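Structure file protein-v4.cif with mmCIF, C-alpha atoms and all ligand atoms:
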data_work
#
loop_
_atom_site.label_atom_id
_atom_site.label_comp_id
_atom_site.auth_asym_id
_atom_site.auth_seq_id
_atom_site.Cartn_x
_atom_site.Cartn_y
_atom_site.Cartn_z
CA MET F 1 10.64 45.78 -102.40
CA SER F 2 7.97 43.33 -101.41
CA PRO F 3 8.45 41.83 -97.96
CA PHE F 4 7.30 38.49 -99.36
CA GLN F 5 9.57 36.52 -101.63
CA LEU F 6 9.00 33.00 -102.93
CA THR F 7 12.01 31.07 -104.24
CA ARG F 8 11.81 27.71 -105.89
CA ILE F 9 14.79 25.50 -105.11
CA LEU F 10 13.05 22.42 -106.39
CA PRO F 11 12.98 22.39 -110.18
CA GLU F 12 9.38 22.46 -111.56
CA ASP F 13 9.39 18.81 -112.45
CA ALA F 14 11.50 17.50 -109.57
CA THR F 15 8.34 16.64 -107.66
CA GLY F 16 6.88 14.66 -110.54
CA ALA F 17 10.15 12.84 -111.13
CA ALA F 18 10.52 12.01 -107.44
CA LEU F 19 6.93 10.73 -107.26
CA ARG F 20 7.48 8.49 -110.28
CA ALA F 21 10.72 7.11 -108.83
CA ASP F 22 9.21 6.55 -105.37
CA VAL F 23 6.09 4.84 -106.71
CA ARG F 24 8.03 2.60 -109.07
CA SER F 25 10.56 1.50 -106.50
CA GLY F 26 8.06 1.30 -103.63
CA LEU F 27 5.41 -0.73 -105.43
CA THR F 28 7.76 -3.17 -107.12
CA ARG F 29 9.46 -4.26 -103.90
CA SER F 30 8.28 -6.64 -101.23
CA PRO F 31 6.92 -5.58 -98.82
CA LYS F 32 5.46 -2.60 -100.71
CA THR F 33 6.11 0.87 -99.31
CA LEU F 34 5.46 4.51 -100.17
CA PRO F 35 7.04 7.55 -98.51
CA PRO F 36 4.55 9.61 -96.48
CA LYS F 37 5.38 12.90 -98.17
CA TRP F 38 2.95 12.07 -100.99
CA PHE F 39 -0.11 12.43 -98.74
CA TYR F 40 0.07 16.18 -98.87
CA ASP F 41 -1.68 17.51 -101.95
CA ALA F 42 -4.30 20.19 -101.22
CA HIS F 43 -6.88 17.60 -100.13
CA GLY F 44 -4.37 15.65 -98.05
CA SER F 45 -3.17 18.83 -96.34
CA ALA F 46 -6.78 19.74 -95.52
CA LEU F 47 -7.34 16.23 -94.13
CA PHE F 48 -4.22 16.55 -92.00
CA GLU F 49 -5.57 19.84 -90.64
CA LYS F 50 -8.75 17.95 -89.70
CA ILE F 51 -6.66 15.26 -87.99
CA THR F 52 -5.01 17.88 -85.82
CA GLU F 53 -8.46 18.82 -84.50
CA LEU F 54 -9.44 15.24 -83.56
CA SER F 55 -9.60 14.51 -79.83
CA GLU F 56 -7.60 11.31 -80.48
CA TYR F 57 -4.72 13.11 -82.21
CA TYR F 58 -2.86 14.65 -79.27
CA PRO F 59 0.56 15.67 -80.78
CA THR F 60 -0.54 19.03 -82.18
CA ARG F 61 -2.19 20.17 -78.96
CA ALA F 62 0.64 18.84 -76.81
CA GLU F 63 3.24 20.66 -78.89
CA ARG F 64 1.19 23.84 -78.88
CA GLU F 65 1.03 23.65 -75.07
CA ILE F 66 4.84 23.48 -74.90
CA LEU F 67 5.32 26.27 -77.42
CA HIS F 68 2.84 28.38 -75.53
CA SER F 69 4.56 27.93 -72.19
CA ARG F 70 8.16 28.04 -73.47
CA ALA F 71 8.10 30.52 -76.34
CA GLU F 72 9.74 33.23 -74.23
CA ARG F 73 12.49 30.86 -73.09
CA ILE F 74 13.11 29.75 -76.64
CA ALA F 75 13.29 33.34 -77.79
CA ALA F 76 15.67 34.32 -74.99
CA ALA F 77 17.92 31.27 -75.41
CA SER F 78 18.21 31.63 -79.18
CA GLY F 79 18.17 35.42 -79.58
CA ALA F 80 17.07 34.58 -83.10
CA ARG F 81 16.91 37.20 -85.83
CA THR F 82 15.99 34.63 -88.46
CA LEU F 83 13.46 31.84 -87.96
CA VAL F 84 13.73 28.99 -90.48
CA GLU F 85 10.81 26.58 -90.37
CA LEU F 86 11.18 23.24 -92.13
CA GLY F 87 7.93 21.69 -93.38
CA SER F 88 6.09 24.83 -92.39
CA GLY F 89 2.69 23.80 -93.78
CA SER F 90 0.09 26.24 -92.56
CA SER F 91 2.55 27.89 -90.12
CA GLU F 92 -0.14 28.12 -87.46
CA LYS F 93 2.12 27.13 -84.57
CA THR F 94 4.78 29.44 -85.90
CA ARG F 95 2.75 32.44 -84.82
CA LEU F 96 3.37 31.55 -81.19
CA LEU F 97 7.10 31.65 -81.87
CA LEU F 98 6.97 34.73 -84.05
CA ASP F 99 5.05 36.60 -81.39
CA ALA F 100 7.66 35.66 -78.81
CA LEU F 101 10.65 36.62 -80.95
CA PRO F 102 10.72 40.41 -80.79
CA GLY F 103 14.09 40.74 -82.48
CA LEU F 104 13.12 38.77 -85.54
CA ASP F 105 13.92 40.25 -88.98
CA SER F 106 13.35 37.30 -91.26
CA TYR F 107 11.12 34.28 -91.48
CA VAL F 108 12.10 31.49 -93.87
CA PRO F 109 9.33 28.89 -94.26
CA VAL F 110 10.48 25.84 -96.25
CA ASP F 111 7.95 23.47 -97.77
CA VAL F 112 7.39 21.38 -100.88
CA SER F 113 3.91 22.86 -101.21
CA ALA F 114 3.94 26.19 -103.05
CA SER F 115 0.29 26.85 -102.25
CA ALA F 116 0.77 26.42 -98.49
CA LEU F 117 3.75 28.78 -98.63
CA GLU F 118 1.87 31.40 -100.65
CA ASP F 119 -1.10 31.52 -98.31
CA ALA F 120 0.76 31.41 -95.02
CA GLY F 121 3.63 33.60 -96.20
CA ARG F 122 1.49 36.39 -97.57
CA ALA F 123 -0.72 36.47 -94.50
CA LEU F 124 2.32 36.77 -92.23
CA ALA F 125 4.02 39.39 -94.35
CA ALA F 126 0.83 41.44 -94.14
CA GLU F 127 0.48 40.99 -90.36
CA ARG F 128 4.10 41.78 -89.56
CA PRO F 129 5.18 44.64 -91.80
CA GLY F 130 8.75 44.67 -90.46
CA LEU F 131 9.26 40.98 -91.10
CA GLU F 132 10.87 39.75 -94.30
CA VAL F 133 9.31 36.51 -95.42
CA HIS F 134 11.57 34.46 -97.68
CA ALA F 135 9.56 31.37 -98.55
CA LEU F 136 11.48 28.44 -100.07
CA ILE F 137 9.86 25.75 -102.16
CA ALA F 138 12.24 22.95 -101.34
CA ASP F 139 12.47 19.37 -100.20
CA PHE F 140 14.18 19.75 -96.85
CA THR F 141 15.31 16.12 -96.88
CA ARG F 142 17.64 17.11 -99.73
CA ALA F 143 20.50 19.55 -99.77
CA LEU F 144 19.25 22.97 -98.77
CA THR F 145 20.81 26.38 -99.04
CA LEU F 146 19.32 29.16 -97.00
CA PRO F 147 18.97 32.76 -98.12
CA THR F 148 21.39 35.24 -96.60
CA THR F 149 19.53 36.64 -93.61
CA PRO F 150 20.79 38.01 -90.30
CA GLY F 151 21.92 35.59 -87.58
CA PRO F 152 21.52 34.04 -85.17
CA ARG F 153 19.19 31.62 -86.85
CA LEU F 154 16.68 29.35 -85.18
CA VAL F 155 15.76 26.34 -87.32
CA ALA F 156 12.45 24.83 -86.22
CA PHE F 157 11.27 21.38 -87.27
CA LEU F 158 7.98 20.88 -85.49
CA GLY F 159 5.04 18.50 -85.37
CA GLY F 160 7.07 15.34 -84.87
CA THR F 161 7.60 15.07 -88.62
CA VAL F 162 11.22 14.00 -88.01
CA GLY F 163 9.59 10.70 -86.97
CA ASN F 164 8.49 10.11 -90.55
CA LEU F 165 12.11 9.55 -91.54
CA LEU F 166 13.63 6.09 -91.21
CA PRO F 167 16.62 5.95 -88.84
CA THR F 168 19.28 6.22 -91.55
CA GLU F 169 17.37 8.99 -93.33
CA ARG F 170 16.96 10.77 -90.01
CA ALA F 171 20.69 10.66 -89.27
CA ALA F 172 21.48 12.06 -92.72
CA PHE F 173 18.81 14.72 -92.35
CA LEU F 174 20.07 15.90 -88.95
CA ARG F 175 23.62 16.09 -90.30
CA SER F 176 22.44 18.15 -93.26
CA VAL F 177 20.63 20.56 -90.92
CA ARG F 178 23.77 20.77 -88.82
CA ARG F 179 25.76 21.82 -91.89
CA LEU F 180 23.37 24.75 -92.43
CA LEU F 181 24.11 26.18 -89.01
CA GLU F 182 26.86 28.39 -87.72
CA PRO F 183 28.02 28.92 -84.15
CA GLY F 184 25.23 30.68 -82.24
CA ASP F 185 22.45 29.15 -84.36
CA MET F 186 20.01 26.68 -82.80
CA LEU F 187 17.67 23.82 -83.70
CA LEU F 188 14.19 23.49 -82.19
CA LEU F 189 12.96 19.94 -82.75
CA GLY F 190 9.53 18.48 -82.00
CA THR F 191 9.42 14.76 -81.19
CA ASP F 192 6.46 12.63 -80.21
CA LEU F 193 7.19 10.35 -77.26
CA VAL F 194 6.78 6.63 -76.57
CA LYS F 195 3.60 6.00 -74.59
CA ASP F 196 0.79 3.55 -74.03
CA GLU F 197 0.13 1.53 -77.20
CA ARG F 198 -3.62 2.12 -77.15
CA GLU F 199 -3.23 5.88 -77.03
CA LEU F 200 -0.69 5.77 -79.86
CA VAL F 201 -2.69 3.53 -82.15
CA THR F 202 -5.94 5.44 -81.56
CA ALA F 203 -4.21 8.66 -82.59
CA TYR F 204 -3.56 7.02 -85.98
CA ASP F 205 -6.88 5.16 -86.24
CA ASP F 206 -9.60 7.52 -85.15
CA PRO F 207 -13.15 6.12 -85.07
CA SER F 208 -14.46 8.90 -87.32
CA GLY F 209 -12.21 7.64 -90.12
CA VAL F 210 -10.45 10.90 -90.97
CA THR F 211 -7.02 9.27 -90.71
CA ALA F 212 -8.22 6.39 -92.90
CA GLU F 213 -9.28 8.92 -95.53
CA PHE F 214 -5.93 10.72 -95.19
CA ASN F 215 -4.09 7.42 -95.64
CA LYS F 216 -6.10 6.49 -98.74
CA ASN F 217 -5.52 9.95 -100.22
CA VAL F 218 -2.09 8.82 -101.39
CA LEU F 219 -3.90 6.49 -103.80
CA ALA F 220 -5.88 9.42 -105.22
CA VAL F 221 -2.63 11.36 -105.65
CA ILE F 222 -1.10 8.48 -107.63
CA ASN F 223 -4.29 8.08 -109.69
CA ARG F 224 -4.26 11.74 -110.66
CA GLU F 225 -0.53 12.34 -111.11
CA LEU F 226 0.45 9.03 -112.68
CA ARG F 227 -2.86 8.02 -114.32
CA ALA F 228 -3.39 4.96 -112.15
CA ASP F 229 -6.62 3.11 -111.38
CA PHE F 230 -6.49 2.47 -107.63
CA ASP F 231 -9.95 2.11 -106.09
CA PRO F 232 -9.58 3.33 -102.48
CA GLN F 233 -12.50 1.08 -101.57
CA ASP F 234 -10.31 -1.93 -102.27
CA PHE F 235 -8.13 -1.04 -99.26
CA ASP F 236 -8.51 -0.97 -95.49
CA HIS F 237 -6.68 1.49 -93.28
CA VAL F 238 -4.34 -0.17 -90.78
CA ALA F 239 -2.40 1.48 -87.92
CA ARG F 240 0.02 -0.62 -85.92
CA TRP F 241 2.57 -0.09 -83.15
CA ASP F 242 5.95 -1.75 -83.68
CA PRO F 243 7.34 -2.21 -80.15
CA ASP F 244 10.85 -3.10 -81.32
CA ARG F 245 11.38 -0.13 -83.57
CA GLU F 246 9.14 2.09 -81.47
CA TRP F 247 7.16 3.50 -84.34
CA VAL F 248 3.57 3.58 -85.50
CA GLU F 249 3.05 2.30 -89.04
CA MET F 250 0.18 3.13 -91.30
CA ARG F 251 -0.61 0.65 -93.99
CA LEU F 252 -3.23 0.02 -96.66
CA ARG F 253 -4.40 -3.60 -96.78
CA ALA F 254 -5.87 -5.00 -100.00
CA ARG F 255 -9.34 -6.41 -99.36
CA ARG F 256 -9.02 -8.83 -102.30
CA ALA F 257 -6.47 -9.85 -104.90
CA LEU F 258 -6.23 -7.09 -107.47
CA THR F 259 -4.07 -5.51 -110.16
CA VAL F 260 -3.48 -1.79 -110.42
CA HIS F 261 -2.36 -0.16 -113.66
CA ILE F 262 -0.11 2.87 -113.51
CA GLN F 263 -0.12 4.29 -117.00
CA GLU F 264 2.59 6.94 -116.56
CA LEU F 265 4.97 4.21 -115.41
CA ASP F 266 3.74 1.62 -117.86
CA LEU F 267 3.45 -0.63 -114.83
CA ALA F 268 0.97 -3.21 -113.56
CA VAL F 269 1.14 -3.89 -109.83
CA GLU F 270 -0.41 -6.97 -108.27
CA PHE F 271 -1.70 -7.13 -104.73
CA ALA F 272 -2.51 -10.43 -103.05
CA ALA F 273 -5.64 -10.52 -100.89
CA GLY F 274 -4.62 -9.13 -97.49
CA GLU F 275 -1.33 -7.75 -98.76
CA GLU F 276 -0.25 -4.58 -96.97
CA LEU F 277 1.37 -1.47 -98.38
CA ARG F 278 3.25 0.60 -95.79
CA THR F 279 2.51 4.30 -96.27
CA GLU F 280 4.05 5.88 -93.17
CA VAL F 281 6.21 5.28 -90.17
CA SER F 282 5.88 7.74 -87.32
CA ALA F 283 8.66 7.13 -84.84
CA LYS F 284 8.10 7.82 -81.15
CA PHE F 285 11.07 8.81 -79.03
CA ARG F 286 12.59 8.61 -75.58
CA GLU F 287 14.68 11.51 -74.32
CA GLU F 288 17.86 9.45 -74.39
CA ARG F 289 17.45 8.53 -78.06
CA VAL F 290 16.83 12.13 -79.08
CA ARG F 291 19.96 13.21 -77.21
CA VAL F 292 22.09 10.48 -78.76
CA GLU F 293 20.87 11.17 -82.29
CA LEU F 294 21.31 14.92 -81.94
CA ALA F 295 24.80 14.51 -80.52
CA ALA F 296 25.74 12.10 -83.31
CA ALA F 297 24.78 14.80 -85.83
CA GLY F 298 26.93 17.39 -84.07
CA PHE F 299 24.33 19.19 -81.96
CA LEU F 300 24.66 20.13 -78.32
CA PRO F 301 21.25 19.51 -76.72
CA ALA F 302 20.54 22.34 -74.27
CA HIS F 303 16.85 22.14 -73.32
CA TRP F 304 14.21 19.43 -73.17
CA TRP F 305 10.62 20.40 -72.53
CA THR F 306 7.48 18.24 -72.51
CA ASP F 307 3.78 18.99 -72.12
CA ARG F 308 2.34 18.42 -68.66
CA ARG F 309 1.25 14.90 -69.52
CA GLY F 310 4.65 13.97 -70.98
CA ARG F 311 3.29 13.03 -74.38
CA PHE F 312 5.43 15.21 -76.66
CA ALA F 313 8.80 16.98 -76.38
CA LEU F 314 10.52 20.01 -77.79
CA SER F 315 14.28 20.09 -77.62
CA LEU F 316 16.47 23.09 -78.23
CA SER F 317 20.07 22.44 -79.29
CA GLY F 318 23.09 24.51 -80.10
CA VAL F 319 25.93 23.68 -82.45
C1 LIG F 401 2.54 15.44 -89.73
C2 LIG F 401 4.10 13.68 -89.85
C3 LIG F 401 3.66 14.68 -87.77
O1 LIG F 401 3.24 11.39 -88.15
O2 LIG F 401 1.83 12.13 -86.71
C4 LIG F 401 -1.02 12.16 -88.82
C5 LIG F 401 1.24 12.76 -89.94
N1 LIG F 401 -0.10 10.66 -90.05
N2 LIG F 401 -1.78 11.05 -88.80
C6 LIG F 401 2.36 12.18 -87.81
C7 LIG F 401 0.07 11.89 -89.60
C8 LIG F 401 -1.25 10.16 -89.55
C9 LIG F 401 1.93 13.31 -88.74
N3 LIG F 401 3.06 14.26 -89.03
#

Rewrite the coordinates I just gave you, this time as structure tokens.
Amino acid sequence: MSPFQLTRILPEDATGAALRADVRSGLTRSPKTLPPKWFYDAHGSALFEKITELSEYYPTRAEREILHSRAERIAAASGARTLVELGSGSSEKTRLLLDALPGLDSYVPVDVSASALEDAGRALAAERPGLEVHALIADFTRALTLPTTPGPRLVAFLGGTVGNLLPTERAAFLRSVRRLLEPGDMLLLGTDLVKDERELVTAYDDPSGVTAEFNKNVLAVINRELRADFDPQDFDHVARWDPDREWVEMRLRARRALTVHIQELDLAVEFAAGEELRTEVSAKFREERVRVELAAAGFLPAHWWTDRRGRFALSLSGV
């Protein structure tokens, strides 16, 4: 039996149907919005990898610092035999955890991107012959069922991606993760923290323009998948801090009045000059809010660790 198994939970066309529904509803409302998950085709994922290497984009390095210093504690506290990673992407940070979890039998990376799962999953299965890799192609914001693997399980949701969910979506998501867990299982959650506005905005508006390119990539995705005629040059990248909701927003601002045609949807979308399309919210947290939200979902927060500069936190919770 191969130690690498790839299971598709998402039906082949679920992604296409979800994209069509999101684009139709997001571009026909006011203000216009798109969910950030559509950034991540192969090019968008590569651009995100480039973002993580920018000096301005601190979350990845800050989280890696915490994982590096706390991996042994996490391993000891969880005693995990199965590691489930939601939104695993390239699984690079996972190696720190995997290396620290000596008793691990199974690794379950969950991602919407089959290609990311293939590459990362096969590499890991080759490196760790004793480890069963059960990759799941799934949208973790929807109902998930996990393969039967030995407990206790540690579910990791890293990178601060939980901040991409709006508050009501986040509450529903945390409850759905809670339902996956049994007594003895734990959740390891990465959350970016509230900090100086300049530092936050610069992390989402780097001078080299990589984040701008990443933001505009969603237009290329819609052009390709839904036969639309967006010209990325018609839009400016905007990153803004919302002090009331404590999140960073990325937007695309139309440089002039224009009409976009989306053939697959049989839809024409008008933008006024200066009109902004919101493409992402990235919520920043305070310890108290993380505790309250975790508790509301039925978790028992046990540990809270930050990097030395207090920019990012990892929390470990039981159920
Ligand atoms: C991958 C969702 C954690 O919100 O910081 C990076 C995505 N957006 N730069 C984030 C992102 C703009 C990132 N997450």

Using all atoms listed in the file, find each protein or nucleic acid residue lying at most 6 Å from ligand LIG 401 (chain F); present the set as a list in words.
Gly159, Gly160, Thr161, Asn164, Tyr204, Thr211 and Ser282 of chain F

Contacts between segment 94-100 of chain F and segment 112-207 of chain F, please, where a residue of segment 112-207 of chain F counts if it comes within 12 Å (with only C-alpha atoms); show its shortest atom pair and distance in Å to one decimal, rows by chain and ascending number, as JSON lines.
{"residue": "F:Ala120", "atom": "CA", "partner": "F:Thr94", "partner_atom": "CA", "distance": 10.2}
{"residue": "F:Gly121", "atom": "CA", "partner": "F:Thr94", "partner_atom": "CA", "distance": 11.2}
{"residue": "F:Ala123", "atom": "CA", "partner": "F:Arg95", "partner_atom": "CA", "distance": 11.0}
{"residue": "F:Leu124", "atom": "CA", "partner": "F:Arg95", "partner_atom": "CA", "distance": 8.6}
{"residue": "F:Ala125", "atom": "CA", "partner": "F:Leu98", "partner_atom": "CA", "distance": 11.7}
{"residue": "F:Glu127", "atom": "CA", "partner": "F:Arg95", "partner_atom": "CA", "distance": 10.4}
{"residue": "F:Arg128", "atom": "CA", "partner": "F:Leu98", "partner_atom": "CA", "distance": 9.4}
{"residue": "F:Gly130", "atom": "CA", "partner": "F:Leu98", "partner_atom": "CA", "distance": 12.0}
{"residue": "F:Leu131", "atom": "CA", "partner": "F:Leu98", "partner_atom": "CA", "distance": 9.7}
{"residue": "F:Val133", "atom": "CA", "partner": "F:Leu98", "partner_atom": "CA", "distance": 11.7}
{"residue": "F:Leu154", "atom": "CA", "partner": "F:Leu97", "partner_atom": "CA", "distance": 10.4}
{"residue": "F:Val155", "atom": "CA", "partner": "F:Thr94", "partner_atom": "CA", "distance": 11.5}
{"residue": "F:Ala156", "atom": "CA", "partner": "F:Thr94", "partner_atom": "CA", "distance": 9.0}
{"residue": "F:Phe157", "atom": "CA", "partner": "F:Thr94", "partner_atom": "CA", "distance": 10.4}
{"residue": "F:Leu158", "atom": "CA", "partner": "F:Thr94", "partner_atom": "CA", "distance": 9.1}
{"residue": "F:Gly159", "atom": "CA", "partner": "F:Thr94", "partner_atom": "CA", "distance": 11.0}
{"residue": "F:Leu188", "atom": "CA", "partner": "F:Leu97", "partner_atom": "CA", "distance": 10.8}

Atom CA of Arg240 of chain F to atom CA of Asn223 of chain F measures 25.7 Å

Could I get the residues of segment 71-165 of chain F with an atom no further than 12 Å from an atom of segment 12-22 of chain F, each paired with its nearest atom pair and that distance in Å to one decimal, using all atoms listed in the file, sorted by chain and residue number, as CSV?
residue,atom,partner,partner_atom,distance
F:Val112,CA,F:Thr15,CA,8.3
F:Ser113,CA,F:Thr15,CA,10.0
F:Ala114,CA,F:Glu12,CA,10.8
F:Ile137,CA,F:Glu12,CA,10.0
F:Ala138,CA,F:Thr15,CA,9.7
F:Asp139,CA,F:Thr15,CA,9.0
F:Arg142,CA,F:Ala14,CA,11.6

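Between Thr279 of chain F and the candidates F:Arg81, F:Arg251, F:Arg245, F:Arg29, the tightest atom-to-atom separation, counting all atoms listed in the file, involves F:Arg251.
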
One number please: atom CA of Arg73 of chain F to atom CA of Lys284 of chain F, in Å, one decimal.
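That distance, rounded to one decimal, is 24.8 Å.
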
At a cut-off of 10 Å from (2.4, 18.7, -78.3) in the coordinates of the file, what residues are picked up using all atoms listed in the file, written as a VMD selection string?
chain F and resid 57 to 67 158 to 160 190 to 193 306 to 314

Next, dump the selected residues to file, keeping only C-alpha atoms, as a short mmCIF file (atom, residue, chain, number, x, y, z; two decimals), keeping the file's coordinate frame.
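This went into again09.cif:
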data_model
loop_
_atom_site.label_atom_id
_atom_site.label_comp_id
_atom_site.auth_asym_id
_atom_site.auth_seq_id
_atom_site.Cartn_x
_atom_site.Cartn_y
_atom_site.Cartn_z
CA TYR F 57 -4.72 13.11 -82.21
CA TYR F 58 -2.86 14.65 -79.27
CA PRO F 59 0.56 15.67 -80.78
CA THR F 60 -0.54 19.03 -82.18
CA ARG F 61 -2.19 20.17 -78.96
CA ALA F 62 0.64 18.84 -76.81
CA GLU F 63 3.24 20.66 -78.89
CA ARG F 64 1.19 23.84 -78.88
CA GLU F 65 1.03 23.65 -75.07
CA ILE F 66 4.84 23.48 -74.90
CA LEU F 67 5.32 26.27 -77.42
CA LEU F 158 7.98 20.88 -85.49
CA GLY F 159 5.04 18.50 -85.37
CA GLY F 160 7.07 15.34 -84.87
CA GLY F 190 9.53 18.48 -82.00
CA THR F 191 9.42 14.76 -81.19
CA ASP F 192 6.46 12.63 -80.21
CA LEU F 193 7.19 10.35 -77.26
CA THR F 306 7.48 18.24 -72.51
CA ASP F 307 3.78 18.99 -72.12
CA ARG F 308 2.34 18.42 -68.66
CA ARG F 309 1.25 14.90 -69.52
CA GLY F 310 4.65 13.97 -70.98
CA ARG F 311 3.29 13.03 -74.38
CA PHE F 312 5.43 15.21 -76.66
CA ALA F 313 8.80 16.98 -76.38
CA LEU F 314 10.52 20.01 -77.79
#

Residues within 9 Å of Glu275 of chain F, please, as a ChimeraX atom specification. Count all atoms listed in the file; anything in the same chain fewer than 5 positions from it doesn't count.
/F:31-32,252-257

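Distance annotation: of F:Pro36, F:Thr148, F:Thr259, F:Phe4, the residue with the minimal separation from Val23 of chain F is F:Pro36; atom set is all atoms listed in the file.
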
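Nearest to Val221 of chain F of all the residues F:Leu34, F:Leu300, F:Leu165, F:Leu181 is F:Leu34, counting all atoms listed in the file.
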